[in-house]
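Asks: My structure file target.pdb, PDB, C-alpha atoms, is below:
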```pdb
ATOM      1  CA  VAL A 674     -36.466 198.069 243.974
ATOM      2  CA  ALA A 675     -33.382 199.911 242.769
ATOM      3  CA  THR A 676     -30.670 197.851 240.996
ATOM      4  CA  CYS A 677     -27.328 199.467 240.204
ATOM      5  CA  ALA A 678     -24.420 197.953 238.166
ATOM      6  CA  GLY A 679     -20.776 198.931 237.881
ATOM      7  CA  PRO A 680     -17.278 197.499 237.187
ATOM      8  CA  GLY A 681     -17.414 195.741 240.491
ATOM      9  CA  GLY A 682     -20.752 194.107 239.951
ATOM     10  CA  SER A 683     -24.303 195.075 240.819
ATOM     11  CA  SER A 684     -26.357 195.841 243.898
ATOM     12  CA  SER A 685     -29.999 196.288 244.650
ATOM     13  CA  ASN A 686     -32.143 197.658 247.472
ATOM     14  CA  SER A 687     -35.879 198.074 248.048
ATOM     15  CA  VAL A 688     -38.305 200.092 250.063
ATOM     16  CA  THR A 689     -41.956 199.303 250.850
ATOM     17  CA  VAL A 690     -44.404 202.211 250.580
ATOM     18  CA  THR A 691     -47.347 201.743 252.937
ATOM     19  CA  VAL A 692     -50.655 203.194 251.757
ATOM     20  CA  SER A 693     -53.062 204.071 254.549
ATOM     21  CA  ALA A 694     -56.626 202.823 254.300
ATOM     22  CA  PRO A 695     -59.103 205.552 253.288
ATOM     23  CA  SER A 696     -60.783 207.286 256.185
ATOM     24  CA  ALA A 697     -64.289 206.113 256.987
ATOM     25  CA  PRO A 698     -67.040 208.577 256.068
ATOM     26  CA  THR A 699     -69.269 210.218 258.639
ATOM     27  CA  ALA A 700     -72.870 211.360 258.278
ATOM     28  CA  ALA A 701     -74.868 213.843 260.356
ATOM     29  CA  ILE A 702     -78.528 214.829 259.993
ATOM     30  CA  SER A 703     -80.830 217.172 261.937
ATOM     31  CA  ALA A 704     -84.304 218.715 261.699
ATOM     32  CA  ASN A 705     -85.369 222.251 262.566
ATOM     33  CA  PRO A 706     -87.898 222.789 264.019
ATOM     34  CA  ASN A 707     -88.392 219.560 265.901
ATOM     35  CA  PRO A 708     -91.033 218.775 267.240
ATOM     36  CA  VAL A 709     -93.450 220.234 264.691
ATOM     37  CA  SER A 710     -97.174 220.907 264.689
ATOM     38  CA  TYR A 711     -99.519 218.423 263.050
ATOM     39  CA  GLY A 712     -99.620 219.182 259.307
ATOM     40  CA  ALA A 713     -96.534 221.434 259.402
ATOM     41  CA  THR A 714     -93.193 221.077 257.584
ATOM     42  CA  THR A 715     -89.613 221.107 258.822
ATOM     43  CA  ILE A 716     -86.152 221.575 257.283
ATOM     44  CA  ILE A 717     -83.824 218.571 257.145
ATOM     45  CA  THR A 718     -80.093 219.406 257.098
ATOM     46  CA  TRP A 719     -77.328 216.859 256.490
ATOM     47  CA  SER A 720     -73.532 216.896 256.150
ATOM     48  CA  SER A 721     -70.685 214.422 255.837
ATOM     49  CA  THR A 722     -66.926 213.972 255.874
ATOM     50  CA  ASN A 723     -64.807 211.644 253.713
ATOM     51  CA  ALA A 724     -67.855 210.882 251.566
ATOM     52  CA  THR A 725     -68.386 211.072 247.829
ATOM     53  CA  SER A 726     -72.188 210.802 247.908
ATOM     54  CA  CYS A 727     -75.141 210.888 250.296
ATOM     55  CA  THR A 728     -78.830 210.116 250.027
ATOM     56  CA  VAL A 729     -81.610 211.105 252.435
ATOM     57  CA  SER A 730     -84.706 208.941 252.863
ATOM     58  CA  PRO A 731     -87.628 209.454 252.837
ATOM     59  CA  GLY A 732     -87.313 212.273 250.355
ATOM     60  CA  ALA A 733     -85.008 213.126 247.487
ATOM     61  CA  GLY A 734     -82.001 214.560 249.314
ATOM     62  CA  THR A 735     -78.648 213.989 247.547
ATOM     63  CA  GLY A 736     -75.147 215.434 247.713
ATOM     64  CA  THR A 737     -72.558 215.261 250.459
ATOM     65  CA  SER A 738     -74.366 218.078 252.295
ATOM     66  CA  GLY A 739     -77.579 219.976 251.859
ATOM     67  CA  THR A 740     -81.042 220.869 253.094
ATOM     68  CA  MET A 741     -84.576 219.925 252.091
ATOM     69  CA  THR A 742     -88.057 220.846 253.258
ATOM     70  CA  THR A 743     -90.356 217.993 254.164
ATOM     71  CA  GLY A 744     -93.950 217.684 253.119
ATOM     72  CA  ALA A 745     -96.781 218.247 255.595
ATOM     73  CA  LEU A 746     -96.196 215.843 258.494
ATOM     74  CA  THR A 747     -99.056 214.001 260.175
ATOM     75  CA  THR A 748     -97.109 211.237 261.966
ATOM     76  CA  ASN A 749     -93.713 210.921 263.629
ATOM     77  CA  THR A 750     -91.224 210.414 260.778
ATOM     78  CA  THR A 751     -87.597 209.219 260.822
ATOM     79  CA  TYR A 752     -85.204 210.650 258.199
ATOM     80  CA  THR A 753     -81.944 208.790 257.479
ATOM     81  CA  ALA A 754     -78.825 210.075 255.711
ATOM     82  CA  THR A 755     -76.627 207.379 254.153
ATOM     83  CA  CYS A 756     -73.187 208.548 252.994
ATOM     84  CA  THR A 757     -70.585 206.484 251.106
ATOM     85  CA  GLY A 758     -66.949 207.015 250.198
ATOM     86  CA  PRO A 759     -63.722 205.097 249.553
ATOM     87  CA  GLY A 760     -63.602 204.147 253.236
ATOM     88  CA  GLY A 761     -67.075 202.604 253.385
ATOM     89  CA  SER A 762     -70.481 203.978 254.392
ATOM     90  CA  SER A 763     -72.109 205.687 257.360
ATOM     91  CA  THR A 764     -75.664 206.509 258.384
ATOM     92  CA  ASP A 765     -77.328 208.921 260.783
ATOM     93  CA  SER A 766     -81.012 209.405 261.567
ATOM     94  CA  VAL A 767     -83.333 211.983 263.115
ATOM     95  CA  THR A 768     -86.955 211.450 264.133
ATOM     96  CA  VAL A 769     -89.304 214.405 263.679
ATOM     97  CA  THR A 770     -92.049 214.196 266.285
ATOM     98  CA  ILE A 771     -95.560 215.627 266.545
ATOM     99  CA  PRO A 772     -97.174 216.112 269.960
ATOM    100  CA  PRO A 773     -99.797 213.431 270.709
ATOM    101  CA  PRO A 774    -103.402 214.655 270.851
ATOM    102  CA  PRO A 775    -105.679 214.500 273.887
ATOM    103  CA  THR A 776    -108.355 211.794 273.909
ATOM    104  CA  ASN A 777    -111.946 211.218 275.081
ATOM    105  CA  PRO A 778    -113.697 214.488 274.185
ATOM    106  CA  VAL A 779    -116.954 214.733 276.160
ATOM    107  CA  HIS A 780    -119.590 217.411 276.740
ATOM    108  CA  THR A 781    -122.064 217.461 279.628
ATOM    109  CA  CYS A 782    -125.130 219.735 279.440
ATOM    110  CA  ASN A 783    -126.705 221.289 282.500
ATOM    111  CA  ALA A 784    -130.362 220.628 283.290
ATOM    112  CA  SER A 785    -131.623 223.781 281.593
ATOM    113  CA  GLY A 786    -129.548 223.312 278.418
ATOM    114  CA  THR A 787    -127.958 226.747 278.863
ATOM    115  CA  ALA A 788    -124.408 225.581 279.656
ATOM    116  CA  ALA A 789    -122.117 222.699 278.715
ATOM    117  CA  THR A 790    -118.962 221.468 280.418
ATOM    118  CA  LEU A 791    -116.334 220.203 277.974
ATOM    119  CA  SER A 792    -113.688 217.730 279.115
ATOM    120  CA  TRP A 793    -110.890 215.622 277.655
ATOM    121  CA  THR A 794    -108.025 213.346 278.737
ATOM    122  CA  PRO A 795    -104.559 214.898 278.324
ATOM    123  CA  ALA A 796    -101.789 212.933 276.608
ATOM    124  CA  ALA A 797     -99.086 211.903 279.079
ATOM    125  CA  GLY A 798     -96.808 214.834 279.835
ATOM    126  CA  TYR A 799     -98.899 217.411 277.956
ATOM    127  CA  ASN A 800    -100.842 219.805 280.175
ATOM    128  CA  THR A 801    -101.060 222.916 277.987
ATOM    129  CA  PHE A 802    -103.687 223.103 275.239
ATOM    130  CA  TYR A 803    -104.982 225.172 272.363
ATOM    131  CA  LEU A 804    -108.761 225.343 272.906
ATOM    132  CA  ARG A 805    -111.330 226.840 270.542
ATOM    133  CA  THR A 806    -115.126 226.923 270.772
ATOM    134  CA  ARG A 807    -117.582 228.141 268.160
ATOM    135  CA  GLY A 808    -121.309 228.561 267.893
ATOM    136  CA  ASN A 809    -123.954 228.738 265.207
ATOM    137  CA  PRO A 810    -123.079 230.403 262.841
ATOM    138  CA  SER A 811    -119.718 228.618 262.967
ATOM    139  CA  SER A 812    -117.824 231.807 262.158
ATOM    140  CA  VAL A 813    -118.562 233.131 265.647
ATOM    141  CA  ILE A 814    -115.636 232.384 267.990
ATOM    142  CA  PHE A 815    -116.739 232.134 271.587
ATOM    143  CA  TYR A 816    -113.340 231.190 273.014
ATOM    144  CA  ASP A 817    -109.812 230.949 271.585
ATOM    145  CA  ASP A 818    -106.859 230.277 273.923
ATOM    146  CA  ASN A 819    -103.530 228.711 272.898
ATOM    147  CA  ASN A 820    -102.227 228.505 276.478
ATOM    148  CA  TYR A 821    -105.147 226.817 278.227
ATOM    149  CA  THR A 822    -103.999 224.746 281.214
ATOM    150  CA  SER A 823    -107.097 222.879 282.413
ATOM    151  CA  SER A 824    -108.719 219.756 280.949
ATOM    152  CA  THR A 825    -112.264 221.103 281.427
ATOM    153  CA  PHE A 826    -114.058 224.199 280.140
ATOM    154  CA  THR A 827    -117.610 225.471 280.630
ATOM    155  CA  MET A 828    -119.410 227.083 277.679
ATOM    156  CA  SER A 829    -122.010 229.462 279.094
ATOM    157  CA  PRO A 830    -124.458 230.849 278.259
ATOM    158  CA  ILE A 831    -125.559 228.791 275.280
ATOM    159  CA  VAL A 832    -128.918 228.487 273.571
ATOM    160  CA  PRO A 833    -130.780 225.199 274.051
ATOM    161  CA  GLY A 834    -131.072 223.383 270.719
ATOM    162  CA  ALA A 835    -128.373 225.460 268.976
ATOM    163  CA  THR A 836    -125.314 223.760 267.468
ATOM    164  CA  TYR A 837    -121.848 224.298 268.914
ATOM    165  CA  ASN A 838    -118.348 223.047 268.057
ATOM    166  CA  TRP A 839    -115.135 222.728 270.020
ATOM    167  CA  TRP A 840    -111.577 221.617 269.317
ATOM    168  CA  VAL A 841    -108.582 221.067 271.560
ATOM    169  CA  HIS A 842    -104.921 220.379 270.705
ATOM    170  CA  SER A 843    -101.977 219.380 272.894
ATOM    171  CA  LYS A 844     -99.249 222.036 272.929
ATOM    172  CA  ASP A 845     -95.584 221.376 273.714
ATOM    173  CA  PRO A 846     -93.222 223.896 275.387
ATOM    174  CA  ASN A 847     -91.814 224.923 271.975
ATOM    175  CA  GLY A 848     -95.262 225.816 270.641
ATOM    176  CA  ALA A 849     -95.926 222.751 268.470
ATOM    177  CA  TYR A 850     -99.545 221.543 268.339
ATOM    178  CA  SER A 851    -101.021 218.074 268.000
ATOM    179  CA  ALA A 852    -103.910 217.108 265.783
ATOM    180  CA  SER A 853    -107.197 218.285 267.247
ATOM    181  CA  ILE A 854    -110.031 216.401 268.864
ATOM    182  CA  GLY A 855    -113.476 217.779 269.654
ATOM    183  CA  GLU A 856    -117.202 217.576 269.055
ATOM    184  CA  THR A 857    -120.214 219.110 267.373
ATOM    185  CA  PHE A 858    -123.049 219.119 269.889
ATOM    186  CA  SER A 859    -126.235 220.750 271.120
ATOM    187  CA  CYS A 860    -127.940 220.804 274.488
ATOM    188  CA  ALA A 861    -131.647 220.033 274.582
ATOM    189  CA  ALA A 862    -134.084 222.372 276.267
ATOM    190  CA  PRO A 863    -135.678 220.846 279.356
ATOM    191  CA  LEU A 864    -138.969 219.027 278.819
ATOM    192  CA  PRO A 865    -142.061 221.039 279.769
ATOM    193  CA  THR A 866    -143.775 220.158 283.039
ATOM    194  CA  VAL A 867    -147.489 220.180 283.747
ATOM    195  CA  THR A 868    -149.519 219.826 286.928
ATOM    196  CA  ILE A 869    -153.274 219.524 287.303
ATOM    197  CA  SER A 870    -155.556 219.348 290.327
ATOM    198  CA  ALA A 871    -159.267 219.345 291.225
ATOM    199  CA  ASN A 872    -160.847 221.084 294.181
ATOM    200  CA  PRO A 873    -162.953 219.846 295.765
ATOM    201  CA  ASN A 874    -162.195 216.208 295.178
ATOM    202  CA  PRO A 875    -164.128 213.975 295.654
ATOM    203  CA  VAL A 876    -167.445 215.677 294.882
ATOM    204  CA  SER A 877    -171.081 214.760 295.413
ATOM    205  CA  TYR A 878    -173.019 213.148 292.639
ATOM    206  CA  GLY A 879    -174.121 215.889 290.201
ATOM    207  CA  ALA A 880    -171.854 218.550 291.768
ATOM    208  CA  THR A 881    -169.102 220.533 290.119
ATOM    209  CA  THR A 882    -165.396 221.026 290.924
ATOM    210  CA  ILE A 883    -162.687 223.418 289.810
ATOM    211  CA  ILE A 884    -159.845 222.086 287.666
ATOM    212  CA  THR A 885    -156.590 223.971 287.982
ATOM    213  CA  TRP A 886    -153.513 223.390 285.836
ATOM    214  CA  SER A 887    -150.120 224.958 285.325
TER     215      SER A 887
END
```
Using the file provided, produce a representation of the structure as structure tokens.

Replies:
Amino acid sequence: VATCAGPGGSSSNSVTVTVSAPSAPTAAISANPNPVSYGATTIITWSSTNATSCTVSPGAGTGTSGTMTTGALTTNTTYTATCTGPGGSSTDSVTVTIPPPPTNPVHTCNASGTAATLSWTPAAGYNTFYLRTRGNPSSVIFYDDNNYTSSTFTMSPIVPGATYNWWVHSKDPNGAYSASIGETFSCAAPLPTVTISANPNPVSYGATTIITWS
């Protein structure tokens, strides 16, 4: 209000100054890479506008923008950035995923114990695998393929009674691997067979016969 006085009296006038409300903050968060392999890490990046502070959870991320490296991930994990400012608060989230593993690992030995067929059930939508097989000693790699596209594999030849191991992971198109499933197994040697016969049979009282076996 302005008030002015003079010989003729006084006069006043006023003006109203309108103050705009503070702009609402925004928050943005991302993960790279995403998906990730089981047990791997990723980098979380966040940014904001019109904010004076941000926090990222889980983790210890602070500041209106920044990056942080996660710990080793073994389950799908959602990271949330919460940013506040004079205009309020805003949140954004990103879920870091890990490919699901196959299930039902099974081995089937052949009759002679010299070969085993390995099989598993793929997770829905995952038809590429990382397959490894090892023998005894375990340092010997019999097979190692990170682009295997069948859900069965035959190990042959193997030694009856020896110990073998195998592992299989799901693999996504970006190269991320699931946790592994597999088995330690051995195939038994076939039981021995025996036959025996007598000729002649029957025989007369006091006579002899020939016993033959194999």

Asks: Which one is closest to A:Leu791: A:Thr857, A:Thr753, A:Thr735, A:Thr743? Count only C-alpha atoms.

Replies: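 That would be A:Thr857, the residue with the smallest distance to A:Leu791.
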
Asks: Using only C-alpha atoms, determine which residues lie at most 7 Å from stretch 829-834 of chain A, disregarding the query and same-chain residues fewer than 5 positions distant; provide the list as a list in words.

Replies: Gly786, Thr787, Ala788, Ala789, Ser859, Cys860, Ala861 and Ala862 of chain A

Asks: Would you mind listing what lies within 10 Å of A:Asp818 as a PDB file with C-alpha atoms, in the frame of the given file, with all atoms listed in the file counted and same-chain residues fewer than 5 positions away left out?

Replies:
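Writing the result to out_9.pdb gives the following:
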```
ATOM      1  CA  PHE A 802    -103.687 223.103 275.239  1.00  0.00           C
ATOM      2  CA  TYR A 803    -104.982 225.172 272.363  1.00  0.00           C
ATOM      3  CA  LEU A 804    -108.761 225.343 272.906  1.00  0.00           C
ATOM      4  CA  ARG A 805    -111.330 226.840 270.542  1.00  0.00           C
ATOM      5  CA  THR A 806    -115.126 226.923 270.772  1.00  0.00           C
ATOM      6  CA  VAL A 841    -108.582 221.067 271.560  1.00  0.00           C
TER       7      VAL A 841
END
```

Asks: My list of candidates is A:Val674, A:Ser785, A:Pro731, A:Thr725. Which is closest to A:Pro863 when distances are computed with all atoms listed in the file?

Replies: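 Among the listed residues, the smallest separation from A:Pro863 belongs to A:Ser785.
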
Asks: Enumerate, as a list of chain:residue names, the residues matched when the PyMOL selection byres ((chain A and resi 678-694) around 12) is run on the file above.

Replies: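 Selection result, ordered by chain and number: A:Val674, A:Ala675, A:Thr676, A:Cys677, A:Pro695, A:Ser696, A:Ala697, A:Gly758, A:Pro759, A:Gly760, A:Gly761.
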
Asks: Take the residues from that selection and write them out as a PDB file, in the coordinates of the input, keeping C-alpha atoms.

Replies:
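Once everything was written out, this is part08.pdb:
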```pdb
ATOM      1  CA  VAL A 674     -36.466 198.069 243.974  1.00  0.00           C
ATOM      2  CA  ALA A 675     -33.382 199.911 242.769  1.00  0.00           C
ATOM      3  CA  THR A 676     -30.670 197.851 240.996  1.00  0.00           C
ATOM      4  CA  CYS A 677     -27.328 199.467 240.204  1.00  0.00           C
ATOM      5  CA  PRO A 695     -59.103 205.552 253.288  1.00  0.00           C
ATOM      6  CA  SER A 696     -60.783 207.286 256.185  1.00  0.00           C
ATOM      7  CA  ALA A 697     -64.289 206.113 256.987  1.00  0.00           C
ATOM      8  CA  GLY A 758     -66.949 207.015 250.198  1.00  0.00           C
ATOM      9  CA  PRO A 759     -63.722 205.097 249.553  1.00  0.00           C
ATOM     10  CA  GLY A 760     -63.602 204.147 253.236  1.00  0.00           C
ATOM     11  CA  GLY A 761     -67.075 202.604 253.385  1.00  0.00           C
TER      12      GLY A 761
END
```

Asks: For atom CA of A:Thr718 and atom CA of A:Gly798, quote the distance in Å rounded to one decimal.

Replies: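 These atoms are spaced 28.6 Å apart.
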
Asks: Residue by residue, what does the PyMOL selection byres ((chain A and resi 840) around 12) grab here? Present the result as a PyMOL selection string.

Replies: chain A and resi 774-780+791-793+802-807+814-819+826+837-839+841-843+851-858

Asks: Limited to C-alpha atoms, could you put the picked residues into a file as an mmCIF file, in the frame of the given file?

Replies:
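What follows is the written file again-v4.cif:
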```
data_model
loop_
_atom_site.group_PDB
_atom_site.id
_atom_site.type_symbol
_atom_site.label_atom_id
_atom_site.label_comp_id
_atom_site.auth_asym_id
_atom_site.auth_seq_id
_atom_site.Cartn_x
_atom_site.Cartn_y
_atom_site.Cartn_z
ATOM 1 C CA PRO A 774 -103.402 214.655 270.851
ATOM 2 C CA PRO A 775 -105.679 214.500 273.887
ATOM 3 C CA THR A 776 -108.355 211.794 273.909
ATOM 4 C CA ASN A 777 -111.946 211.218 275.081
ATOM 5 C CA PRO A 778 -113.697 214.488 274.185
ATOM 6 C CA VAL A 779 -116.954 214.733 276.160
ATOM 7 C CA HIS A 780 -119.590 217.411 276.740
ATOM 8 C CA LEU A 791 -116.334 220.203 277.974
ATOM 9 C CA SER A 792 -113.688 217.730 279.115
ATOM 10 C CA TRP A 793 -110.890 215.622 277.655
ATOM 11 C CA PHE A 802 -103.687 223.103 275.239
ATOM 12 C CA TYR A 803 -104.982 225.172 272.363
ATOM 13 C CA LEU A 804 -108.761 225.343 272.906
ATOM 14 C CA ARG A 805 -111.330 226.840 270.542
ATOM 15 C CA THR A 806 -115.126 226.923 270.772
ATOM 16 C CA ARG A 807 -117.582 228.141 268.160
ATOM 17 C CA ILE A 814 -115.636 232.384 267.990
ATOM 18 C CA PHE A 815 -116.739 232.134 271.587
ATOM 19 C CA TYR A 816 -113.340 231.190 273.014
ATOM 20 C CA ASP A 817 -109.812 230.949 271.585
ATOM 21 C CA ASP A 818 -106.859 230.277 273.923
ATOM 22 C CA ASN A 819 -103.530 228.711 272.898
ATOM 23 C CA PHE A 826 -114.058 224.199 280.140
ATOM 24 C CA TYR A 837 -121.848 224.298 268.914
ATOM 25 C CA ASN A 838 -118.348 223.047 268.057
ATOM 26 C CA TRP A 839 -115.135 222.728 270.020
ATOM 27 C CA VAL A 841 -108.582 221.067 271.560
ATOM 28 C CA HIS A 842 -104.921 220.379 270.705
ATOM 29 C CA SER A 843 -101.977 219.380 272.894
ATOM 30 C CA SER A 851 -101.021 218.074 268.000
ATOM 31 C CA ALA A 852 -103.910 217.108 265.783
ATOM 32 C CA SER A 853 -107.197 218.285 267.247
ATOM 33 C CA ILE A 854 -110.031 216.401 268.864
ATOM 34 C CA GLY A 855 -113.476 217.779 269.654
ATOM 35 C CA GLU A 856 -117.202 217.576 269.055
ATOM 36 C CA THR A 857 -120.214 219.110 267.373
ATOM 37 C CA PHE A 858 -123.049 219.119 269.889
#
```

Asks: Can you translate the PyMOL selection byres ((chain A and resi 706) around 10) into the concrete residues it hits in this file, as a list in words?

Replies: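 Applying the expression gives Ser703, Ala704, Asn705, Asn707, Pro708, Val709, Ser710, Ala713, Thr714, Thr715, Ile716, Ile717, Val769, Thr770, Asn847 and Ala849 of chain A.
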
Asks: Mind pulling up the distance from atom CA of A:Thr757 to atom CA of A:Pro698?

Replies: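 Straight-line distance from atom CA of A:Pro698 to atom CA of A:Thr757 works out to 6.4 Å.
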
Asks: From the set A:Gly744, A:Gly879, A:Gly736, A:Pro873, which residue has the shortest atom-to-atom contact distance to A:Gly712, counting only C-alpha atoms?

Replies: A:Gly744
